Amino acid sequence: MTNDFNNKRLMIGNDALCEGAVQAGCQCYFGYPITPQNEVPAYMSWRIPQVGGIFLQAESELAAINMVFGAAAVGARAMTSSSSPGISLKQEGISYLAGAELPCVIVNIMRGGPGLGNIAGSQGDYFQATRGGGHGDYRTICLAPGSVQEMMDLTREAFDLADRYRIPTLILSDGILGQMMEPVIFSNDLNLFDDLPEKDWALTGAKGRPPRVIKSLYMGEGELEERNWRLHDKHKRIEMEIPRCEYLNTEDAEFCLIAFGTAARVARSVVYLAEKEGINLGLLRPITLYPFPKRPIKELARKGVRFLVIEMNLGQMLEDCQLAVNGVTDVFFYGRPGGGIFNPEEILKVVKSYL
Amino acid sequence: MRPVFVRPNALKNVPFRFCPGCHHGIIHRLVAEAIDHFGILDRTIGIAPVGCAVFAYDYFSCDILEVAHGRPPAACTGIKRARPDLIVFSYQGDGDLASIGTAEIIHAANRGENITVIFVNNANYGMTGGQMAPTTLLGQKTKTTPKGRSASSDGYPLKVCEMLATLEGTTYIERVAVNNPGHTKEAGRAIKKAFKVQLENKGFSLIEALASCPTNWEMSPAQANMWIEEKMLKVFPLGIYKDTSETKI
Ligand SMILES: Cc1ncc(C[n+]2csc(CCOP(=O)(O)OP(=O)(O)O)c2C)c(N)n1
Ligand code: SF4
């Protein structure tokens, strides 16, 4: 695959995300305006037609996610994006996509909530993004970019993961990362998985084969239970195969920050500040939020490392960290909700109070 | 001996499980006949809606996508935009299309999506046990209008064909019934026409079929057919509400 751009460009996160989708061969994008993700539909409206794809502004997020549902059902790579209130509306569709095992990519450029909240970057939708979000017993893969580069690269990869596991895949980002400008490098090596399964389930017309059905209704005795067990097996495979995190200075640290996305950017500065003051502070940044990288956290806990989880919410990923640590050491929390953001000095002070 | 009446290829060889006298079966058959007529079985995708027609995937022998309540026009949009070579039909009840899915049908119609919609108006919610639908007649008793629908609290029967015909995006809109052989023959012609419009890339077509729900209407099949003739036709007159298929290119 080629792209028209030079290898390195200065871009905002929301635009870089679109380029990631284009690199992945996304064929259809359906969206609806909401701040702070408006750059995504605007960029896609001109960019995706350039590569022969479809752009459509839907009448609502409900419609957009169901357009994705239709496009995914016929085997197309499809994406939608929104921000928190719009993602709530998409949950019905996400549940159906999960039930029907349709691959697609859903982007949430989070803003403050609950309700209409505000338009500042926030991490208040962690629970919704990592627990399924809609009704029923299901999970979706959830990736959390930490830079503009990752907005592009993880979005590209999200399409492959979705296809590999036949599962809706979320990009959980926020208004700060979406609007922030950074240099991005366009990779030349775009085929991450060349072993992706054939879409032998797609509705392509029953030509020379029996008719196919894509559905989420299982009314027969025990049918749905069996179906749910199958989804569960798939989730277990995902939990074995793809958890991912980034480590910074964790080798000899006795105290470690855990943060994702924008909060992890602040945490990185805290680590460097601490270093200057001779404090050994580590950072573990989950990149996959589902599956959550439990094992690395557990291993650090076994070595006696204590943790401070920092989030732009009131303690959501905190619960996954507590589950991973399981009482072996201390897990402290510092967070600010509703679009509030902390600075490195503020965090370092909190860290020092626990040392 | 030459058979004069056979099961269409587009229907599987299984008996319908609709209630006795229910018109869903007849309307399924007419859709199947249209698919056979144009020889498009191997490139048609149908929708199984939430409602009594959800088991469409057990009956039609084309590929079928089951879609959330009211969202078929959006899903059809996704299918048709991604694969314009496929023939797409939506099949929806009046709760699905005229209540929870009103936004989706209006906007798919207004965009002139090149799809065919079969809209089954049985004046109530069949699957959930006979509650009021937007199409319920004034005075009609349902599970949720025990004294009959009153305009002052429940509003008026929603006239989908009349409404969609006003949209510039629509190409072919017709209301039919299948309560007697004459009407059924006309309905078959209308459904074929609606598929033809899509096959010729002429845009959005919708056929509203007035249909019986004898179970929830608490009538015999024969009484239900009479009720359509005497009551429903007055509120929902049959006919072509819009046809710009000749002028569209
Ligand atoms: C979001 C949602 N709300 C409600 C229901 C429950 N429900 C199932 S079928 C149905 C009504 C179907 O009525 P209609 O569309 O008129 O079709 P019919 O059964 O009469 O053919 C409803 C409300 C549902 N499945 N999903
Ligand atoms: S409940 Fe009504 S619409 Fe449903 S199958 Fe029975 S008669 Fe038909």
# chains A, B, ... in the order shown; residues from 1 in each chain; ligands from 1
>>> residues_around(residues="segment 203-220 of chain B", least_positions_apart="5", cutoff="6 Å", atoms="only C-alpha atoms", output="PyMOL selection string")
chain B and resi 22-23+109+112-122+130+170-177+194+198
>>> residues_near_ligand(ligand="ligand 1", cutoff="7 Å", atoms="only C-alpha atoms and all ligand atoms", output="number ranges by chain")
B: 50-53, 68-69, 92-97, 120-122, 124-128, 133
>>> write_last_selection(atoms="N, CA, C and O atoms", output="PDB file, in the first residue's frame")
ATOM      1  N   VAL B  50     -36.683  -6.735  13.929  1.00  0.00           N
ATOM      2  CA  VAL B  50     -37.250  -7.089  15.228  1.00  0.00           C
ATOM      3  C   VAL B  50     -38.773  -7.021  15.075  1.00  0.00           C
ATOM      4  O   VAL B  50     -39.299  -6.027  14.621  1.00  0.00           O
ATOM      5  N   GLY B  51     -39.453  -8.092  15.433  1.00  0.00           N
ATOM      6  CA  GLY B  51     -40.896  -8.188  15.219  1.00  0.00           C
ATOM      7  C   GLY B  51     -41.220  -9.599  14.756  1.00  0.00           C
ATOM      8  O   GLY B  51     -40.332 -10.468  14.719  1.00  0.00           O
ATOM      9  N   CYS B  52     -42.467  -9.824  14.363  1.00  0.00           N
ATOM     10  CA  CYS B  52     -42.856 -11.189  13.989  1.00  0.00           C
ATOM     11  C   CYS B  52     -42.109 -11.692  12.758  1.00  0.00           C
ATOM     12  O   CYS B  52     -42.063 -12.884  12.509  1.00  0.00           O
ATOM     13  N   ALA B  53     -41.527 -10.801  11.969  1.00  0.00           N
ATOM     14  CA  ALA B  53     -40.802 -11.227  10.780  1.00  0.00           C
ATOM     15  C   ALA B  53     -39.334 -11.522  11.066  1.00  0.00           C
ATOM     16  O   ALA B  53     -38.551 -11.757  10.143  1.00  0.00           O
ATOM     17  N   ALA B  68     -31.166  -4.558  14.511  1.00  0.00           N
ATOM     18  CA  ALA B  68     -31.826  -4.025  15.715  1.00  0.00           C
ATOM     19  C   ALA B  68     -33.118  -3.288  15.363  1.00  0.00           C
ATOM     20  O   ALA B  68     -33.305  -2.814  14.240  1.00  0.00           O
ATOM     21  N   HIS B  69     -33.983  -3.162  16.358  1.00  0.00           N
ATOM     22  CA  HIS B  69     -35.329  -2.605  16.205  1.00  0.00           C
ATOM     23  C   HIS B  69     -35.306  -1.210  15.576  1.00  0.00           C
ATOM     24  O   HIS B  69     -34.765  -0.259  16.158  1.00  0.00           O
ATOM     25  N   GLN B  92     -39.977  -4.556   7.303  1.00  0.00           N
ATOM     26  CA  GLN B  92     -40.158  -3.988   8.645  1.00  0.00           C
ATOM     27  C   GLN B  92     -41.627  -3.855   9.013  1.00  0.00           C
ATOM     28  O   GLN B  92     -42.457  -3.518   8.168  1.00  0.00           O
ATOM     29  N   GLY B  93     -41.925  -4.082  10.268  1.00  0.00           N
ATOM     30  CA  GLY B  93     -43.271  -3.850  10.784  1.00  0.00           C
ATOM     31  C   GLY B  93     -43.498  -2.370  11.063  1.00  0.00           C
ATOM     32  O   GLY B  93     -42.601  -1.536  10.889  1.00  0.00           O
ATOM     33  N   ASP B  94     -44.724  -2.062  11.533  1.00  0.00           N
ATOM     34  CA  ASP B  94     -45.056  -0.649  11.746  1.00  0.00           C
ATOM     35  C   ASP B  94     -44.497  -0.119  13.063  1.00  0.00           C
ATOM     36  O   ASP B  94     -44.259   1.076  13.187  1.00  0.00           O
ATOM     37  N   GLY B  95     -44.272  -1.001  14.037  1.00  0.00           N
ATOM     38  CA  GLY B  95     -43.589  -0.533  15.240  1.00  0.00           C
ATOM     39  C   GLY B  95     -42.151  -0.213  14.886  1.00  0.00           C
ATOM     40  O   GLY B  95     -41.604   0.820  15.265  1.00  0.00           O
ATOM     41  N   ASP B  96     -41.555  -1.106  14.110  1.00  0.00           N
ATOM     42  CA  ASP B  96     -40.151  -0.990  13.719  1.00  0.00           C
ATOM     43  C   ASP B  96     -39.909   0.255  12.865  1.00  0.00           C
ATOM     44  O   ASP B  96     -39.053   1.078  13.177  1.00  0.00           O
ATOM     45  N   LEU B  97     -40.690   0.387  11.795  1.00  0.00           N
ATOM     46  CA  LEU B  97     -40.420   1.441  10.818  1.00  0.00           C
ATOM     47  C   LEU B  97     -41.036   2.783  11.197  1.00  0.00           C
ATOM     48  O   LEU B  97     -40.433   3.831  10.989  1.00  0.00           O
ATOM     49  N   VAL B 120     -44.724  -3.518   6.585  1.00  0.00           N
ATOM     50  CA  VAL B 120     -45.923  -4.285   6.922  1.00  0.00           C
ATOM     51  C   VAL B 120     -46.702  -3.563   8.031  1.00  0.00           C
ATOM     52  O   VAL B 120     -46.265  -3.509   9.182  1.00  0.00           O
ATOM     53  N   ASN B 121     -47.836  -3.007   7.638  1.00  0.00           N
ATOM     54  CA  ASN B 121     -48.668  -2.234   8.564  1.00  0.00           C
ATOM     55  C   ASN B 121     -49.840  -3.088   9.040  1.00  0.00           C
ATOM     56  O   ASN B 121     -50.813  -3.274   8.318  1.00  0.00           O
ATOM     57  N   ASN B 122     -49.704  -3.620  10.262  1.00  0.00           N
ATOM     58  CA  ASN B 122     -50.817  -4.395  10.824  1.00  0.00           C
ATOM     59  C   ASN B 122     -51.458  -3.677  12.011  1.00  0.00           C
ATOM     60  O   ASN B 122     -52.102  -4.293  12.849  1.00  0.00           O
ATOM     61  N   ASN B 124     -50.713  -2.678  14.733  1.00  0.00           N
ATOM     62  CA  ASN B 124     -50.312  -2.902  16.138  1.00  0.00           C
ATOM     63  C   ASN B 124     -48.929  -3.536  16.193  1.00  0.00           C
ATOM     64  O   ASN B 124     -48.320  -3.812  15.160  1.00  0.00           O
ATOM     65  N   TYR B 125     -48.436  -3.719  17.415  1.00  0.00           N
ATOM     66  CA  TYR B 125     -47.186  -4.446  17.615  1.00  0.00           C
ATOM     67  C   TYR B 125     -47.558  -5.916  17.764  1.00  0.00           C
ATOM     68  O   TYR B 125     -48.127  -6.310  18.788  1.00  0.00           O
ATOM     69  N   GLY B 126     -47.237  -6.721  16.763  1.00  0.00           N
ATOM     70  CA  GLY B 126     -47.637  -8.124  16.810  1.00  0.00           C
ATOM     71  C   GLY B 126     -46.837  -8.928  17.823  1.00  0.00           C
ATOM     72  O   GLY B 126     -47.374  -9.517  18.760  1.00  0.00           O
ATOM     73  N   MET B 127     -45.538  -8.904  17.642  1.00  0.00           N
ATOM     74  CA  MET B 127     -44.629  -9.774  18.401  1.00  0.00           C
ATOM     75  C   MET B 127     -44.767  -9.637  19.919  1.00  0.00           C
ATOM     76  O   MET B 127     -44.699 -10.602  20.656  1.00  0.00           O
ATOM     77  N   THR B 128     -44.976  -8.397  20.378  1.00  0.00           N
ATOM     78  CA  THR B 128     -44.994  -8.168  21.829  1.00  0.00           C
ATOM     79  C   THR B 128     -46.395  -8.289  22.424  1.00  0.00           C
ATOM     80  O   THR B 128     -46.592  -7.993  23.602  1.00  0.00           O
ATOM     81  N   ALA B 133     -49.609   0.776  18.011  1.00  0.00           N
ATOM     82  CA  ALA B 133     -48.531   1.204  17.116  1.00  0.00           C
ATOM     83  C   ALA B 133     -48.881   2.609  16.638  1.00  0.00           C
ATOM     84  O   ALA B 133     -50.015   3.058  16.829  1.00  0.00           O
TER      85      ALA B 133
END
>>> interface_residues(of="chain A", to="chain B", cutoff="10 Å", atoms="only C-alpha atoms", output="PyMOL selection string")
chain A and resi 27-30+53-56+58-60+62-78+92-93+95-97+100+202-217
>>> select_by_dssp(residues="segment 120-154 of chain A", states="helix (DSSP H, G or I)", output="VMD selection string")
chain A and resid 126 to 130 148 to 154
>>> select_by_dssp(residues="segment 25-244 of chain B", states="strand (DSSP E)", output="NGL selection string")
:B and (44-48 or 63-66 or 87-93 or 116-121 or 124-125 or 131-132 or 170-177 or 204-210 or 239-243)
>>> write_last_selection(atoms="C-alpha atoms", output="compact mmCIF listing (two decimals), in the first residue's frame")
# COMPACT_ATOMS: atom_id res chain seq x y z
CA THR B 44 -29.93 -10.32 -2.77
CA ILE B 45 -29.48 -9.47 0.91
CA GLY B 46 -32.65 -9.31 3.01
CA ILE B 47 -33.27 -7.89 6.46
CA ALA B 48 -34.81 -9.77 9.36
CA ASP B 63 -28.46 -14.09 2.61
CA ILE B 64 -30.14 -12.42 5.60
CA LEU B 65 -28.99 -9.85 8.14
CA GLU B 66 -30.91 -9.53 11.40
CA ILE B 87 -29.80 -6.02 -4.16
CA VAL B 88 -31.01 -5.05 -0.71
CA PHE B 89 -34.48 -5.27 0.72
CA SER B 90 -35.64 -4.19 4.13
CA TYR B 91 -38.70 -5.83 5.65
CA GLN B 92 -40.16 -3.99 8.65
CA GLY B 93 -43.27 -3.85 10.78
CA THR B 116 -36.38 -1.56 -1.51
CA VAL B 117 -38.41 -1.37 1.68
CA ILE B 118 -41.34 -3.68 2.44
CA PHE B 119 -43.37 -2.05 5.21
CA VAL B 120 -45.92 -4.29 6.92
CA ASN B 121 -48.67 -2.23 8.56
CA ASN B 124 -50.31 -2.90 16.14
CA TYR B 125 -47.19 -4.45 17.61
CA GLN B 131 -49.84 -2.93 21.84
CA MET B 132 -50.67 0.36 20.13
CA THR B 170 -38.01 8.97 -2.92
CA THR B 171 -38.75 7.33 -6.24
CA TYR B 172 -41.55 4.81 -5.80
CA ILE B 173 -44.09 4.69 -2.97
CA GLU B 174 -47.22 2.55 -3.03
CA ARG B 175 -49.69 1.18 -0.49
CA VAL B 176 -51.17 -2.27 -1.11
CA ALA B 177 -53.16 -4.92 0.73
CA PHE B 204 -35.63 4.53 -2.94
CA SER B 205 -38.79 2.45 -3.16
CA LEU B 206 -41.22 1.52 -0.41
CA ILE B 207 -44.28 -0.70 -0.52
CA GLU B 208 -46.59 -0.49 2.46
CA ALA B 209 -48.69 -3.63 2.80
CA LEU B 210 -51.76 -3.44 5.02
CA GLY B 239 -52.60 3.38 -4.39
CA ILE B 240 -49.41 4.78 -5.84
CA TYR B 241 -48.32 7.80 -3.81
CA LYS B 242 -45.23 8.58 -5.80
CA ASP B 243 -43.66 7.34 -8.98
>>> residues_around(residues="segment 8-20 of chain A", least_positions_apart="6", cutoff="6 Å", atoms="only C-alpha atoms", output="list in words")
Glu39, Val40, Val148, Met151, Met152, Asp153, Thr155, Arg156, Leu177, Gly178, Gln179, Met180, Met181, Glu182, Pro183, Val184 and Ile185 of chain A
>>> write_last_selection(atoms="C-alpha atoms", output="PDB file, in the first residue's frame")
ATOM      1  CA  GLU A  39     -11.941  16.732  12.677  1.00  0.00           C
ATOM      2  CA  VAL A  40     -12.470  13.012  12.009  1.00  0.00           C
ATOM      3  CA  VAL A 148      -0.433  11.284  17.733  1.00  0.00           C
ATOM      4  CA  MET A 151      -3.510   7.528  17.051  1.00  0.00           C
ATOM      5  CA  MET A 152      -2.442   6.492  13.549  1.00  0.00           C
ATOM      6  CA  ASP A 153      -0.702   3.198  14.238  1.00  0.00           C
ATOM      7  CA  THR A 155      -6.133   2.694  14.480  1.00  0.00           C
ATOM      8  CA  ARG A 156      -4.498   0.831  11.618  1.00  0.00           C
ATOM      9  CA  LEU A 177      -4.881  13.742  22.096  1.00  0.00           C
ATOM     10  CA  GLY A 178      -7.381  14.368  19.309  1.00  0.00           C
ATOM     11  CA  GLN A 179      -6.506  18.059  19.007  1.00  0.00           C
ATOM     12  CA  MET A 180      -2.803  17.882  19.849  1.00  0.00           C
ATOM     13  CA  MET A 181      -0.249  18.322  17.062  1.00  0.00           C
ATOM     14  CA  GLU A 182       2.873  16.149  16.860  1.00  0.00           C
ATOM     15  CA  PRO A 183       5.132  14.754  14.169  1.00  0.00           C
ATOM     16  CA  VAL A 184       4.070  11.366  12.838  1.00  0.00           C
ATOM     17  CA  ILE A 185       6.063   8.926  10.790  1.00  0.00           C
TER      18      ILE A 185
END
>>> residues_around(residues="Met79 of chain A", least_positions_apart="4", cutoff="6 Å", atoms="only C-alpha atoms", output="ChimeraX atom specification")
/A:29,104-106
>>> write_last_selection(atoms="N, CA, C and O atoms", output="mmCIF file, in the first residue's frame")
data_model
loop_
_atom_site.group_PDB
_atom_site.id
_atom_site.type_symbol
_atom_site.label_atom_id
_atom_site.label_comp_id
_atom_site.auth_asym_id
_atom_site.auth_seq_id
_atom_site.Cartn_x
_atom_site.Cartn_y
_atom_site.Cartn_z
ATOM 1 N N TYR A 29 -16.701 4.974 6.083
ATOM 2 C CA TYR A 29 -16.721 5.729 7.325
ATOM 3 C C TYR A 29 -18.098 6.378 7.471
ATOM 4 O O TYR A 29 -18.591 7.025 6.532
ATOM 5 N N CYS A 104 -15.265 -4.323 13.268
ATOM 6 C CA CYS A 104 -15.352 -2.924 12.863
ATOM 7 C C CYS A 104 -14.533 -2.107 13.859
ATOM 8 O O CYS A 104 -14.091 -2.647 14.870
ATOM 9 N N VAL A 105 -14.331 -0.838 13.558
ATOM 10 C CA VAL A 105 -13.571 0.023 14.463
ATOM 11 C C VAL A 105 -14.451 1.195 14.903
ATOM 12 O O VAL A 105 -15.104 1.838 14.078
ATOM 13 N N ILE A 106 -14.477 1.434 16.216
ATOM 14 C CA ILE A 106 -15.286 2.500 16.805
ATOM 15 C C ILE A 106 -14.342 3.397 17.608
ATOM 16 O O ILE A 106 -13.612 2.916 18.474
#
>>> residues_around(residues="Tyr272 of chain A", least_positions_apart="5", cutoff="9 Å", atoms="only C-alpha atoms", output="ChimeraX atom specification")
/A:267,277,281
>>> closest_residue(among="B:Pro20, B:Pro134, B:Gly155, B:Pro15", to="ligand 2", atoms="only C-alpha atoms and all ligand atoms")
B:Pro20
>>> residues_around(residues="Glu229 of chain B", least_positions_apart="3", cutoff="10 Å", atoms="only C-alpha atoms", output="ChimeraX atom specification")
/B:177,179-180,210,223-226,232-234
>>> write_last_selection(atoms="N, CA and C atoms", output="PDB file, in the first residue's frame")
ATOM      1  N   ALA B 177     -52.605  -4.020  -0.285  1.00  0.00           N
ATOM      2  CA  ALA B 177     -53.164  -4.917   0.734  1.00  0.00           C
ATOM      3  C   ALA B 177     -53.144  -6.332   0.159  1.00  0.00           C
ATOM      4  N   ASN B 179     -55.573  -8.694   1.425  1.00  0.00           N
ATOM      5  CA  ASN B 179     -56.713  -9.302   2.103  1.00  0.00           C
ATOM      6  C   ASN B 179     -57.702  -9.973   1.166  1.00  0.00           C
ATOM      7  N   ASN B 180     -57.488  -9.896  -0.135  1.00  0.00           N
ATOM      8  CA  ASN B 180     -58.295 -10.676  -1.089  1.00  0.00           C
ATOM      9  C   ASN B 180     -57.453 -10.912  -2.340  1.00  0.00           C
ATOM     10  N   LEU B 210     -50.836  -3.320   3.897  1.00  0.00           N
ATOM     11  CA  LEU B 210     -51.764  -3.445   5.023  1.00  0.00           C
ATOM     12  C   LEU B 210     -51.890  -4.930   5.327  1.00  0.00           C
ATOM     13  N   GLN B 223     -62.621 -12.513   9.510  1.00  0.00           N
ATOM     14  CA  GLN B 223     -63.015 -11.213  10.087  1.00  0.00           C
ATOM     15  C   GLN B 223     -61.888 -10.193   9.908  1.00  0.00           C
ATOM     16  N   ALA B 224     -60.661 -10.643  10.077  1.00  0.00           N
ATOM     17  CA  ALA B 224     -59.515  -9.733   9.950  1.00  0.00           C
ATOM     18  C   ALA B 224     -59.444  -9.170   8.533  1.00  0.00           C
ATOM     19  N   ASN B 225     -59.675 -10.016   7.542  1.00  0.00           N
ATOM     20  CA  ASN B 225     -59.680  -9.543   6.156  1.00  0.00           C
ATOM     21  C   ASN B 225     -60.776  -8.500   5.940  1.00  0.00           C
ATOM     22  N   MET B 226     -61.920  -8.731   6.557  1.00  0.00           N
ATOM     23  CA  MET B 226     -63.037  -7.788   6.440  1.00  0.00           C
ATOM     24  C   MET B 226     -62.695  -6.460   7.124  1.00  0.00           C
ATOM     25  N   MET B 232     -59.452  -0.291   7.783  1.00  0.00           N
ATOM     26  CA  MET B 232     -58.094   0.202   7.490  1.00  0.00           C
ATOM     27  C   MET B 232     -58.016   0.962   6.179  1.00  0.00           C
ATOM     28  N   LEU B 233     -58.734   0.458   5.161  1.00  0.00           N
ATOM     29  CA  LEU B 233     -58.635   1.106   3.846  1.00  0.00           C
ATOM     30  C   LEU B 233     -59.123   2.553   3.877  1.00  0.00           C
ATOM     31  N   LYS B 234     -60.025   2.841   4.825  1.00  0.00           N
ATOM     32  CA  LYS B 234     -60.545   4.219   4.906  1.00  0.00           C
ATOM     33  C   LYS B 234     -59.452   5.171   5.396  1.00  0.00           C
TER      34      LYS B 234
END
>>> closest_atom_pairs(of="segment 94-198 of chain A", to="segment 333-339 of chain A", cutoff="9 Å", atoms="only C-alpha atoms", output="Markdown table")
| residue | atom | partner | partner_atom | distance |
| --- | --- | --- | --- | --- |
| A:Arg111 | CA | A:Gly339 | CA | 7.0 |
| A:Gly112 | CA | A:Gly338 | CA | 4.6 |
| A:Gly113 | CA | A:Gly338 | CA | 6.1 |
| A:Pro114 | CA | A:Gly338 | CA | 8.2 |
| A:Gly117 | CA | A:Gly338 | CA | 7.1 |
| A:Asn118 | CA | A:Gly339 | CA | 7.3 |
| A:Ile119 | CA | A:Gly339 | CA | 7.7 |
| A:Ala120 | CA | A:Gly339 | CA | 4.8 |
| A:Gly121 | CA | A:Gly339 | CA | 5.4 |
| A:Ser122 | CA | A:Gly339 | CA | 4.9 |
| A:Gln123 | CA | A:Pro337 | CA | 7.8 |
| A:Gly124 | CA | A:Pro337 | CA | 7.1 |
>>> write_last_selection(atoms="N, CA and C atoms", output="tab-separated table (two decimals), in the first residue's frame")
chain	number	residue	atom	x	y	z
A	111	ARG	N	-14.86	13.11	26.06
A	111	ARG	CA	-15.02	14.43	26.66
A	111	ARG	C	-15.63	14.24	28.05
A	112	GLY	N	-15.77	15.34	28.78
A	112	GLY	CA	-16.28	15.23	30.14
A	112	GLY	C	-17.75	14.84	30.19
A	113	GLY	N	-18.13	14.08	31.18
A	113	GLY	CA	-19.50	13.69	31.42
A	113	GLY	C	-19.74	13.68	32.91
A	114	PRO	N	-20.87	13.20	33.43
A	114	PRO	CA	-21.98	12.59	32.67
A	114	PRO	C	-22.85	13.62	31.95
A	117	GLY	N	-22.13	17.12	29.84
A	117	GLY	CA	-20.79	17.33	30.40
A	117	GLY	C	-20.14	18.59	29.90
A	118	ASN	N	-18.96	18.43	29.31
A	118	ASN	CA	-18.30	19.56	28.65
A	118	ASN	C	-17.50	19.01	27.47
A	119	ILE	N	-16.72	19.86	26.84
A	119	ILE	CA	-16.03	19.38	25.64
A	119	ILE	C	-14.53	19.22	25.88
A	120	ALA	N	-14.13	19.24	27.15
A	120	ALA	CA	-12.72	19.05	27.48
A	120	ALA	C	-12.37	17.57	27.45
A	121	GLY	N	-11.11	17.27	27.17
A	121	GLY	CA	-10.66	15.89	27.20
A	121	GLY	C	-10.87	15.28	28.57
A	122	SER	N	-11.24	14.01	28.60
A	122	SER	CA	-11.53	13.33	29.86
A	122	SER	C	-11.29	11.83	29.65
A	123	GLN	N	-11.26	11.09	30.75
A	123	GLN	CA	-11.14	9.63	30.63
A	123	GLN	C	-12.30	8.95	31.36
A	124	GLY	N	-13.45	9.62	31.35
A	124	GLY	CA	-14.59	9.15	32.13
A	124	GLY	C	-15.29	7.93	31.57
>>> residues_around(residues="Arg295 of chain A", least_positions_apart="6", cutoff="12 Å", atoms="only C-alpha atoms", output="VMD selection string")
chain A and resid 239 to 240 242 to 245 284 286 301 to 302 320 to 321 323 to 326
>>> write_last_selection(atoms="C-alpha atoms", output="PDB file, in the first residue's frame")
ATOM      1  CA  GLU A 239      -6.701 -12.056  26.971  1.00  0.00           C
ATOM      2  CA  MET A 240      -3.903 -14.576  26.364  1.00  0.00           C
ATOM      3  CA  ILE A 242      -2.731  -9.407  22.897  1.00  0.00           C
ATOM      4  CA  PRO A 243      -2.348  -7.555  26.224  1.00  0.00           C
ATOM      5  CA  ARG A 244       0.220  -4.817  25.743  1.00  0.00           C
ATOM      6  CA  CYS A 245       1.794  -2.072  27.806  1.00  0.00           C
ATOM      7  CA  LEU A 284       3.505   1.330  33.367  1.00  0.00           C
ATOM      8  CA  PRO A 286      -1.487   0.030  29.439  1.00  0.00           C
ATOM      9  CA  ALA A 301       3.464  -6.261  42.730  1.00  0.00           C
ATOM     10  CA  ARG A 302       5.125  -9.580  43.590  1.00  0.00           C
ATOM     11  CA  ASP A 320      -8.478  -3.236  37.051  1.00  0.00           C
ATOM     12  CA  CYS A 321      -5.176  -2.393  38.742  1.00  0.00           C
ATOM     13  CA  LEU A 323      -7.773  -6.713  40.609  1.00  0.00           C
ATOM     14  CA  ALA A 324      -4.319  -7.341  39.132  1.00  0.00           C
ATOM     15  CA  VAL A 325      -2.483  -6.497  42.366  1.00  0.00           C
ATOM     16  CA  ASN A 326      -5.046  -8.408  44.408  1.00  0.00           C
TER      17      ASN A 326
END
>>> closest_residue(among="A:Pro33, A:Pro291, A:Gly86, A:Gly220", to="Ala144 of chain A", atoms="only C-alpha atoms")
A:Pro291
>>> closest_residue(among="A:Gly175, A:Gly134, A:Gly99, A:Gly315", to="His232 of chain A", atoms="only C-alpha atoms")
A:Gly99
